[in-house]
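**Student:** Dropping in structure20.txt, which is compact mmCIF, C-alpha atoms (C1' of nucleotides):
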```txt
# COMPACT_ATOMS: atom_id res chain seq x y z
CA MET A 11 -286.38 -36.73 -2.80
CA ASN A 12 -285.02 -38.04 0.46
CA VAL A 13 -281.89 -39.92 1.26
CA GLY A 14 -282.74 -43.05 3.20
CA ARG A 15 -281.13 -44.67 6.16
CA ARG A 16 -279.07 -47.06 4.09
CA VAL A 17 -276.98 -44.15 2.89
CA ASP A 18 -276.84 -42.64 6.33
CA TYR A 19 -275.61 -45.89 7.83
CA ALA A 20 -273.19 -46.51 4.99
CA VAL A 21 -271.60 -43.10 5.39
CA ARG A 22 -271.31 -43.56 9.12
CA ALA A 23 -269.80 -47.00 8.77
CA LEU A 24 -267.30 -45.80 6.20
CA SER A 25 -266.23 -42.75 8.09
CA PHE A 26 -265.92 -44.87 11.17
CA LEU A 27 -263.61 -47.24 9.33
CA ALA A 28 -261.73 -44.24 8.02
CA GLY A 29 -261.04 -43.22 11.58
CA GLN A 30 -259.42 -46.51 12.52
CA PRO A 31 -255.66 -47.06 12.54
CA ALA A 32 -254.42 -48.32 9.19
CA GLY A 33 -255.05 -52.01 8.70
CA LYS A 34 -257.42 -52.34 11.62
CA ILE A 35 -260.30 -54.75 11.06
CA VAL A 36 -263.60 -54.01 12.73
CA SER A 37 -266.56 -56.35 13.02
CA ARG A 38 -270.07 -55.59 11.93
CA ALA A 39 -271.33 -55.76 15.50
CA ASP A 40 -268.74 -53.25 16.67
CA ILE A 41 -269.58 -50.80 13.93
CA GLU A 42 -273.25 -51.15 14.68
CA LYS A 43 -272.69 -50.57 18.35
CA CYS A 44 -270.44 -47.55 17.93
CA GLN A 45 -272.55 -45.92 15.27
CA ASP A 46 -276.01 -46.66 16.62
CA ILE A 47 -277.06 -48.84 13.70
CA PRO A 48 -279.72 -51.52 14.28
CA SER A 49 -278.35 -55.00 14.84
CA PHE A 50 -277.75 -57.06 11.72
CA TYR A 51 -278.97 -54.33 9.43
CA LEU A 52 -275.48 -53.34 8.50
CA SER A 53 -274.72 -56.75 7.01
CA LYS A 54 -276.84 -56.03 3.98
CA ILE A 55 -275.28 -52.64 3.49
CA MET A 56 -271.74 -53.91 3.88
CA LYS A 57 -272.41 -56.53 1.28
CA ASP A 58 -273.11 -53.77 -1.22
CA LEU A 59 -270.08 -51.81 -0.14
CA VAL A 60 -267.89 -54.88 -0.55
CA ALA A 61 -269.40 -55.64 -3.95
CA GLY A 62 -268.80 -52.04 -4.94
CA GLY A 63 -265.16 -52.25 -3.97
CA LEU A 64 -265.30 -49.62 -1.26
CA VAL A 65 -264.76 -52.01 1.60
CA GLN A 66 -262.76 -55.15 2.08
CA SER A 67 -264.20 -58.00 4.10
CA HIS A 68 -262.33 -60.57 6.16
CA ILE A 69 -264.18 -63.81 6.78
CA GLY A 70 -263.62 -66.04 9.76
CA SER A 71 -262.75 -65.59 13.37
CA LYS A 72 -261.33 -62.13 14.14
CA GLY A 73 -262.74 -61.12 10.81
CA GLY A 74 -264.53 -57.91 9.94
CA PHE A 75 -264.22 -54.99 7.58
CA SER A 76 -261.70 -52.42 6.53
CA LEU A 77 -261.65 -49.77 3.83
CA ALA A 78 -260.57 -50.97 0.41
CA LYS A 79 -259.66 -47.49 -0.80
CA LEU A 80 -258.28 -44.29 0.57
CA PRO A 81 -261.02 -42.40 2.39
CA THR A 82 -260.12 -39.36 0.33
CA SER A 83 -261.08 -41.23 -2.82
CA ILE A 84 -264.56 -42.28 -1.68
CA SER A 85 -267.14 -39.61 -2.39
CA ILE A 86 -270.62 -39.37 -0.96
CA LYS A 87 -271.90 -39.79 -4.46
CA ASP A 88 -270.01 -43.08 -4.69
CA VAL A 89 -271.55 -44.23 -1.46
CA TYR A 90 -275.03 -43.27 -2.52
CA GLU A 91 -274.77 -45.03 -5.83
CA THR A 92 -273.20 -48.10 -4.29
CA VAL A 93 -275.79 -48.76 -1.64
CA GLU A 94 -278.83 -47.28 -3.34
CA ARG A 95 -279.07 -46.62 -7.04
CA PRO A 96 -277.74 -44.29 -9.72
CA LEU A 97 -278.20 -40.68 -8.73
CA VAL A 98 -281.24 -39.84 -10.82
CA LEU A 99 -283.92 -37.36 -9.87
CA MET A 100 -286.71 -38.40 -12.20
CA ASP A 101 -287.47 -41.91 -13.26
CA CYS A 102 -287.99 -41.04 -16.90
CA LEU A 103 -284.30 -40.15 -17.06
CA GLU A 104 -283.46 -43.78 -16.43
CA ARG A 105 -286.30 -45.67 -17.94
CA GLY A 106 -287.08 -45.01 -21.56
CA ALA A 107 -290.10 -43.58 -23.27
CA ASP A 108 -292.23 -46.38 -21.86
CA TYR A 109 -292.50 -44.35 -18.71
CA CYS A 110 -294.42 -41.47 -20.22
CA SER A 111 -295.95 -41.02 -23.63
CA TYR A 112 -295.08 -37.34 -23.69
CA CYS A 113 -291.39 -37.99 -23.23
CA SER A 114 -290.45 -36.61 -26.61
CA VAL A 115 -292.01 -33.20 -25.98
CA CYS A 116 -291.12 -33.07 -22.31
CA THR A 117 -288.94 -30.21 -21.16
CA GLN A 118 -288.92 -31.00 -17.52
CA LYS A 119 -286.44 -33.71 -18.35
CA SER A 120 -283.65 -31.29 -19.03
CA ILE A 121 -284.40 -29.38 -15.86
CA TRP A 122 -284.12 -32.44 -13.67
CA GLU A 123 -281.10 -33.56 -15.60
CA GLU A 124 -279.34 -30.31 -14.86
CA ALA A 125 -280.47 -30.39 -11.26
CA GLN A 126 -279.10 -33.84 -10.75
CA LYS A 127 -275.85 -32.82 -12.38
CA VAL A 128 -275.54 -29.95 -9.92
CA LEU A 129 -276.24 -32.28 -7.05
CA ALA A 130 -273.93 -35.01 -8.29
CA GLU A 131 -271.10 -32.54 -8.70
CA PHE A 132 -271.53 -31.34 -5.18
CA LEU A 133 -271.74 -34.78 -3.63
CA GLY A 134 -268.86 -35.96 -5.78
CA ARG A 135 -266.62 -33.34 -4.21
CA ILE A 136 -267.26 -34.45 -0.61
CA SER A 137 -265.25 -37.42 0.54
CA ILE A 138 -265.57 -39.81 3.42
CA ASN A 139 -262.38 -38.33 4.70
CA ASP A 140 -263.97 -34.92 4.95
CA ILE A 141 -266.67 -36.37 7.16
CA ALA A 142 -264.33 -38.41 9.30
CA ASP A 143 -262.16 -35.33 9.83
CA ARG A 144 -265.04 -33.18 10.86
CA GLN A 145 -266.32 -35.50 13.48
CA GLY A 146 -262.89 -36.03 14.88
CA LEU A 147 -263.32 -39.78 14.77
CA LYS A 148 -259.61 -40.35 14.79
CA GLY A 149 -259.53 -39.40 18.38
CA ARG A 150 -262.79 -39.72 20.15
CA LEU A 151 -264.49 -42.78 18.75
CA VAL A 152 -261.50 -45.06 18.48
CA GLY A 153 -261.17 -44.63 22.17
CA SER A 154 -264.77 -45.51 22.85
CA LEU A 155 -264.51 -48.52 20.60
CA GLN A 156 -261.47 -49.81 22.42
CA LYS A 157 -263.19 -49.33 25.73
CA ALA A 158 -266.28 -51.12 24.39
CA GLY A 159 -264.54 -54.06 22.73
CA MET B 17 -283.92 -39.25 -3.86
CA ASN B 18 -286.46 -39.30 -6.65
CA VAL B 19 -289.08 -36.83 -7.63
CA GLY B 20 -292.46 -38.53 -7.82
CA ARG B 21 -295.26 -38.26 -10.29
CA ARG B 22 -297.18 -35.74 -8.26
CA VAL B 23 -294.51 -33.16 -9.00
CA ASP B 24 -294.29 -34.22 -12.61
CA TYR B 25 -298.02 -33.84 -13.07
CA ALA B 26 -298.13 -30.59 -11.15
CA VAL B 27 -295.41 -29.05 -13.29
CA ARG B 28 -297.15 -30.20 -16.44
CA ALA B 29 -300.51 -28.87 -15.32
CA LEU B 30 -299.04 -25.53 -14.34
CA SER B 31 -297.04 -25.05 -17.49
CA PHE B 32 -300.11 -26.03 -19.45
CA LEU B 33 -302.12 -23.36 -17.68
CA ALA B 34 -299.29 -20.94 -18.29
CA GLY B 35 -299.67 -21.57 -21.97
CA GLN B 36 -303.32 -20.59 -22.05
CA PRO B 37 -304.58 -17.15 -23.06
CA ALA B 38 -304.88 -14.85 -20.05
CA GLY B 39 -307.99 -15.48 -18.02
CA LYS B 40 -308.81 -18.78 -19.67
CA ILE B 41 -310.29 -21.41 -17.36
CA VAL B 42 -309.50 -25.04 -18.04
CA SER B 43 -311.20 -28.02 -16.45
CA ARG B 44 -309.43 -30.83 -14.69
CA ALA B 45 -310.53 -33.31 -17.31
CA ASP B 46 -309.09 -31.20 -20.10
CA ILE B 47 -305.75 -30.82 -18.39
CA GLU B 48 -305.63 -34.53 -17.74
CA LYS B 49 -306.42 -35.32 -21.32
CA CYS B 50 -303.92 -32.91 -22.83
CA GLN B 51 -301.14 -33.77 -20.44
CA ASP B 52 -301.58 -37.53 -20.26
CA ILE B 53 -302.41 -37.55 -16.56
CA PRO B 54 -304.55 -40.40 -15.18
CA SER B 55 -308.24 -39.55 -14.79
CA PHE B 56 -309.20 -38.00 -11.48
CA TYR B 57 -305.67 -38.11 -10.15
CA LEU B 58 -305.16 -34.45 -10.82
CA SER B 59 -307.96 -33.43 -8.48
CA LYS B 60 -305.86 -34.21 -5.45
CA ILE B 61 -302.88 -32.37 -6.83
CA MET B 62 -304.87 -29.31 -7.82
CA LYS B 63 -306.29 -29.15 -4.33
CA ASP B 64 -302.76 -28.68 -3.01
CA LEU B 65 -301.93 -26.13 -5.68
CA VAL B 66 -305.04 -24.15 -4.82
CA ALA B 67 -304.31 -24.34 -1.12
CA GLY B 68 -300.77 -23.18 -1.85
CA GLY B 69 -302.02 -20.18 -3.76
CA LEU B 70 -300.47 -21.15 -7.07
CA VAL B 71 -303.74 -21.85 -8.80
CA GLN B 72 -307.19 -20.39 -8.65
CA SER B 73 -310.20 -22.68 -8.84
CA HIS B 74 -313.62 -21.87 -10.24
CA ILE B 75 -316.42 -24.06 -8.96
CA GLY B 76 -319.60 -24.74 -10.86
CA SER B 77 -320.58 -25.21 -14.45
CA LYS B 78 -317.91 -23.98 -16.88
CA GLY B 79 -315.58 -24.00 -13.92
CA GLY B 80 -311.99 -25.13 -13.81
CA PHE B 81 -308.58 -23.78 -13.00
CA SER B 82 -306.34 -20.88 -13.88
CA LEU B 83 -303.02 -19.65 -12.57
CA ALA B 84 -303.21 -17.47 -9.51
CA LYS B 85 -299.76 -15.96 -10.07
CA LEU B 86 -297.55 -14.98 -12.93
CA PRO B 87 -295.86 -18.07 -14.35
CA THR B 88 -292.55 -16.27 -14.01
CA SER B 89 -293.03 -16.13 -10.27
CA ILE B 90 -293.70 -19.84 -9.75
CA SER B 91 -290.51 -21.79 -9.32
CA ILE B 92 -290.06 -25.53 -9.54
CA LYS B 93 -289.05 -25.43 -5.93
CA ASP B 94 -292.38 -23.81 -5.09
CA VAL B 95 -294.20 -26.52 -6.95
CA TYR B 96 -292.27 -29.29 -5.28
CA GLU B 97 -292.85 -27.92 -1.83
CA THR B 98 -296.50 -27.24 -2.50
CA VAL B 99 -297.49 -30.67 -3.70
CA GLU B 100 -294.96 -32.76 -1.83
CA ARG B 101 -293.08 -31.53 1.19
CA PRO B 102 -290.32 -29.15 2.21
CA LEU B 103 -287.22 -29.71 0.13
CA VAL B 104 -285.16 -31.68 2.61
CA LEU B 105 -282.65 -34.34 1.72
CA MET B 106 -282.32 -36.09 5.04
CA ASP B 107 -285.07 -36.63 7.51
CA CYS B 108 -282.99 -35.69 10.52
CA LEU B 109 -282.85 -32.16 9.12
CA GLU B 110 -286.58 -31.86 9.64
CA ARG B 111 -287.28 -34.03 12.59
CA GLY B 112 -285.38 -33.35 15.73
CA ALA B 113 -282.93 -35.39 17.70
CA ASP B 114 -285.56 -38.07 18.21
CA TYR B 115 -284.63 -39.37 14.80
CA CYS B 116 -281.10 -40.36 15.68
CA SER B 117 -279.29 -40.44 18.96
CA TYR B 118 -276.02 -39.38 17.38
CA CYS B 119 -277.48 -36.19 16.01
CA SER B 120 -275.31 -33.96 18.12
CA VAL B 121 -272.05 -35.43 16.83
CA CYS B 122 -273.27 -36.01 13.28
CA THR B 123 -271.42 -34.24 10.52
CA GLN B 124 -273.32 -35.64 7.63
CA LYS B 125 -276.05 -33.22 8.54
CA SER B 126 -274.13 -30.23 7.33
CA ILE B 127 -273.24 -32.01 4.10
CA TRP B 128 -276.83 -32.77 3.24
CA GLU B 129 -277.83 -29.33 4.35
CA GLU B 130 -275.42 -27.76 1.91
CA ALA B 131 -276.43 -30.18 -0.81
CA GLN B 132 -280.06 -29.33 -0.41
CA LYS B 133 -279.24 -25.67 -0.44
CA VAL B 134 -277.45 -26.09 -3.75
CA LEU B 135 -280.40 -27.98 -5.14
CA ALA B 136 -282.98 -25.57 -3.78
CA GLU B 137 -281.13 -22.64 -5.26
CA PHE B 138 -281.07 -24.27 -8.64
CA LEU B 139 -284.74 -25.27 -8.60
CA GLY B 140 -285.68 -21.89 -7.23
CA ARG B 141 -284.22 -20.22 -10.30
CA ILE B 142 -286.30 -22.21 -12.79
CA SER B 143 -289.83 -20.98 -13.29
CA ILE B 144 -292.93 -22.52 -14.76
CA ASN B 145 -292.62 -19.93 -17.46
CA ASP B 146 -289.23 -21.30 -18.47
CA ILE B 147 -290.77 -24.70 -18.96
CA ALA B 148 -293.83 -23.46 -20.80
CA ASP B 149 -291.60 -21.47 -23.13
CA ARG B 150 -289.37 -24.38 -23.91
CA GLN B 151 -292.14 -26.68 -24.87
CA GLY B 152 -293.74 -24.04 -26.99
CA LEU B 153 -297.06 -24.61 -25.32
CA LYS B 154 -298.29 -21.20 -26.30
CA GLY B 155 -298.69 -22.38 -29.83
CA ARG B 156 -298.92 -26.09 -30.19
CA LEU B 157 -300.93 -27.34 -27.27
CA VAL B 158 -303.52 -24.63 -27.15
CA GLY B 159 -304.44 -25.67 -30.63
CA SER B 160 -304.71 -29.32 -29.74
CA LEU B 161 -306.80 -28.45 -26.72
CA GLN B 162 -309.23 -26.48 -28.80
CA LYS B 163 -309.50 -29.31 -31.26
CA ALA B 164 -309.98 -31.80 -28.42
CA GLY B 165 -312.45 -29.84 -26.29
C1' DG C 4 -258.96 -81.65 14.65
C1' DA C 5 -262.47 -79.10 17.47
C1' DC C 6 -264.52 -75.03 18.39
C1' DA C 7 -265.82 -70.36 18.32
C1' DA C 8 -266.19 -66.19 15.90
C1' DA C 9 -266.82 -64.01 12.22
C1' DG C 10 -269.01 -62.79 7.20
C1' DA C 11 -272.38 -64.42 3.26
C1' DA C 12 -276.66 -65.20 1.74
C1' DG C 13 -281.13 -64.83 1.87
C1' DA C 14 -285.86 -65.59 3.88
C1' DC C 15 -289.23 -63.15 6.33
C1' DC C 16 -292.13 -59.43 8.26
C1' DT C 17 -294.37 -54.95 8.80
C1' DA C 18 -295.73 -50.20 8.17
C1' DG C 19 -296.24 -46.76 5.26
C1' DA C 20 -295.98 -44.32 0.95
C1' DG C 21 -297.13 -43.65 -3.80
C1' DA C 22 -300.22 -44.12 -7.37
C1' DG C 23 -304.53 -44.55 -9.00
C1' DT C 24 -309.84 -44.96 -8.89
C1' DC C 25 -314.27 -43.75 -7.56
C1' DT C 26 -318.32 -41.64 -5.19
C1' DA C 27 -321.07 -38.32 -2.71
C1' DT C 28 -321.66 -33.41 -2.02
C1' DA C 29 -321.66 -28.49 -2.78
C1' DT C 30 -321.57 -24.87 -6.08
C1' DT C 31 -322.73 -22.29 -10.08
C1' DG C 32 -323.71 -20.90 -15.03
C1' DT C 33 -327.39 -21.44 -18.38
C1' DA D 30 -334.28 -27.17 -12.87
C1' DC D 31 -330.39 -29.09 -14.82
C1' DA D 32 -325.87 -30.04 -16.15
C1' DA D 33 -321.18 -29.37 -15.39
C1' DT D 34 -317.83 -28.63 -12.37
C1' DA D 35 -314.68 -28.53 -8.11
C1' DT D 36 -314.25 -30.54 -3.26
C1' DA D 37 -313.56 -33.94 -0.04
C1' DG D 38 -312.43 -38.05 1.15
C1' DA D 39 -312.79 -43.16 1.11
C1' DC D 40 -310.81 -47.04 -0.93
C1' DT D 41 -307.55 -50.28 -3.17
C1' DC D 42 -303.25 -52.10 -4.68
C1' DT D 43 -298.45 -52.58 -5.10
C1' DC D 44 -293.94 -51.63 -3.92
C1' DT D 45 -290.24 -50.26 -0.98
C1' DA D 46 -287.67 -49.17 3.17
C1' DG D 47 -286.43 -50.71 7.31
C1' DG D 48 -285.55 -54.14 10.27
C1' DT D 49 -284.92 -59.06 12.17
C1' DC D 50 -283.39 -63.61 12.11
C1' DT D 51 -281.55 -68.13 10.62
C1' DT D 52 -278.54 -71.13 8.13
C1' DC D 53 -274.24 -71.90 5.84
C1' DT D 54 -269.35 -71.18 5.05
C1' DT D 55 -264.85 -69.69 6.24
C1' DT D 56 -261.02 -69.20 9.23
C1' DG D 57 -258.16 -68.18 13.39
C1' DT D 58 -256.88 -70.29 17.77
C1' DC D 59 -256.18 -73.75 21.05
```
What would the structure in this file look like if it were written as structure tokens?

**Tutor:**
Amino acid sequence: MNVGRRVDYAVRALSFLAGQPAGKIVSRADIEKCQDIPSFYLSKIMKDLVAGGLVQSHIGSKGGFSLAKLPTSISIKDVYETVERPLVLMDCLERGADYCSYCSVCTQKSIWEEAQKVLAEFLGRISINDIADRQGLKGRLVGSLQKAG
Amino acid sequence: MNVGRRVDYAVRALSFLAGQPAGKIVSRADIEKCQDIPSFYLSKIMKDLVAGGLVQSHIGSKGGFSLAKLPTSISIKDVYETVERPLVLMDCLERGADYCSYCSVCTQKSIWEEAQKVLAEFLGRISINDIADRQGLKGRLVGSLQKAG
DNA sequence: GACAAAGAAGACCTAGAGAGTCTATATTGT
DNA sequence: ACAATATAGACTCTCTAGGTCTTCTTTGTC
């Protein structure tokens, strides 16, 4: 029941992009440097974010990434499900009755189903913009990026 | 962000015990058989439940397990935390700043903190008794146990 | 056109966790 | 004394998360 680093890094990368001036393209290496993400690791995550339509990539020299949607319209739930998997608390809720022979009489199912609904609703209400706002990226980190690059 | 089998089995074992007549002692093997839990696996889980004070063990011939508390006073959150770990969604909320150098400027933290609070509140409100009731253990499964054992 | 700077794609590695199995030992009712 | 039971812990196996690196393709710039 833990959220892994992929999600952590994805949220950081996205909120970092959200803090850039509109249209600005930032390279993987720059994001990694500014957000303390291990070298190269972000490439796999960005691939998912691009495939999921959250981020736009720009190949070639001076290439990089920018947001493909408004930061207000990207929820944490979106991010989680894009870089990880559907938000499901117990495996039997995804996989069928092959997972457990007692599935038909199981009443835990509905508990976990409700729990994950509660969680999904909460995470669906938080946007990348909320996070970018809070950390004041629009000021502080743009500056440090421009100094760095 | 998934709940593993340990919790699944623990909840099943506990709600099974909750469905027994007061004072009845049930062996590990019987619980495993009636709840479709792999042989011997339950012994490790029961050890945690005993250590956590949710279950009382009875060593020796005709020994076994019984609930140590009222089923209404055992929440799913209790079970999770007893057999798994504290209910924490992101590792940096447990471990200190050694986990991530940007901890001090991180604003995801508070998001996950709130999310886990929402989840913990929900799971804290559901009791083992709720689950035992729903599955009608008090009738059906006691009968099948007595046939089986 | 040449070159450098990017992303794309994917191979590779490692540590650890999760799940499951089994055995030796201590305890206790009959 | 014996059988049935929990206790404790060793052991295996597989999968995943996290991380690293290399090769290929695309594209801006000179």

**Student:** Pick out the chain D residues within 6 Å of chain B. Count all atoms listed in the file. Give them as a PyMOL selection string.

**Tutor:** chain D and resi 33-35

**Student:** Output the contact residues of chain C with respect to chain A at a cut-off of 9 Å, based on all atoms listed in the file, as a PDB file with C-alpha atoms (C1' of nucleotides), in the frame of the given file.

**Tutor:**
```
ATOM      1  C1'  DA C   7    -265.820 -70.360  18.320  1.00  0.00           C
ATOM      2  C1'  DA C   8    -266.190 -66.190  15.900  1.00  0.00           C
ATOM      3  C1'  DA C   9    -266.820 -64.010  12.220  1.00  0.00           C
ATOM      4  C1'  DG C  10    -269.010 -62.790   7.200  1.00  0.00           C
ATOM      5  C1'  DA C  11    -272.380 -64.420   3.260  1.00  0.00           C
TER       6       DA C  11
END
```

**Student:** Report as JSON, numbers by chain all protein, DNA and RNA residues lying within 10 Å of A:Val60, evaluated on all atoms listed in the file, omitting residues in the same chain fewer than 5 positions from it.

**Tutor:** {"A": [55, 65, 66, 67, 75, 76, 77, 78, 92]}

**Student:** Using all atoms listed in the file, select each residue of chain B with any atom at most 7 Å away from an atom of chain A, and give the selection as a count of residues only.

**Tutor:** 16

**Student:** Please compute the atom CA of A:Phe50-atom C1' of D:DT58 distance, one decimal, in Å.

**Tutor:**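 Between these atoms lies a distance of 25.4 Å.
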
**Student:** Give me the residues near stretch 36-52 of chain D as a CSV table (one decimal) with C-alpha atoms (C1' of nucleotides), keeping the file's coordinate frame, where near means some atom within 10 Å (using only C-alpha atoms (C1' of nucleotides)) and where sequence neighbours in that chain fewer than 4 positions away do not count.

**Tutor:**
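Saved as selection-v4.csv:
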```csv
chain,number,residue,atom,x,y,z
A,14,GLY,CA,-282.7,-43.0,3.2
A,15,ARG,CA,-281.1,-44.7,6.2
A,16,ARG,CA,-279.1,-47.1,4.1
A,48,PRO,CA,-279.7,-51.5,14.3
A,49,SER,CA,-278.4,-55.0,14.8
A,50,PHE,CA,-277.8,-57.1,11.7
A,51,TYR,CA,-279.0,-54.3,9.4
B,59,SER,CA,-308.0,-33.4,-8.5
B,60,LYS,CA,-305.9,-34.2,-5.4
B,63,LYS,CA,-306.3,-29.2,-4.3
B,75,ILE,CA,-316.4,-24.1,-9.0
C,12,DA,C1',-276.7,-65.2,1.7
C,13,DG,C1',-281.1,-64.8,1.9
C,14,DA,C1',-285.9,-65.6,3.9
C,15,DC,C1',-289.2,-63.2,6.3
C,16,DC,C1',-292.1,-59.4,8.3
C,17,DT,C1',-294.4,-55.0,8.8
C,18,DA,C1',-295.7,-50.2,8.2
C,19,DG,C1',-296.2,-46.8,5.3
C,20,DA,C1',-296.0,-44.3,1.0
C,21,DG,C1',-297.1,-43.6,-3.8
C,22,DA,C1',-300.2,-44.1,-7.4
C,23,DG,C1',-304.5,-44.6,-9.0
C,24,DT,C1',-309.8,-45.0,-8.9
C,25,DC,C1',-314.3,-43.8,-7.6
C,26,DT,C1',-318.3,-41.6,-5.2
C,27,DA,C1',-321.1,-38.3,-2.7
C,28,DT,C1',-321.7,-33.4,-2.0
C,29,DA,C1',-321.7,-28.5,-2.8
C,30,DT,C1',-321.6,-24.9,-6.1
```

**Student:** Quick check, in Å to one decimal: how far apart do atom CA of A:Tyr19 and atom CA of A:Ile41 lie?

**Tutor:**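 Those two atoms sit 9.9 Å apart.
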
**Student:** Within 6 Å of (-297.0, -21.0, -16.1) (file coordinates; only C-alpha atoms (C1' of nucleotides)), which protein or nucleic acid residues are there? I'd like them as a list of chain:residue names.

**Tutor:**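 Using only C-alpha atoms (C1' of nucleotides), the matching residues come out as B:Leu30, B:Ser31, B:Leu33, B:Ala34, B:Pro87, B:Ile144, B:Asn145.
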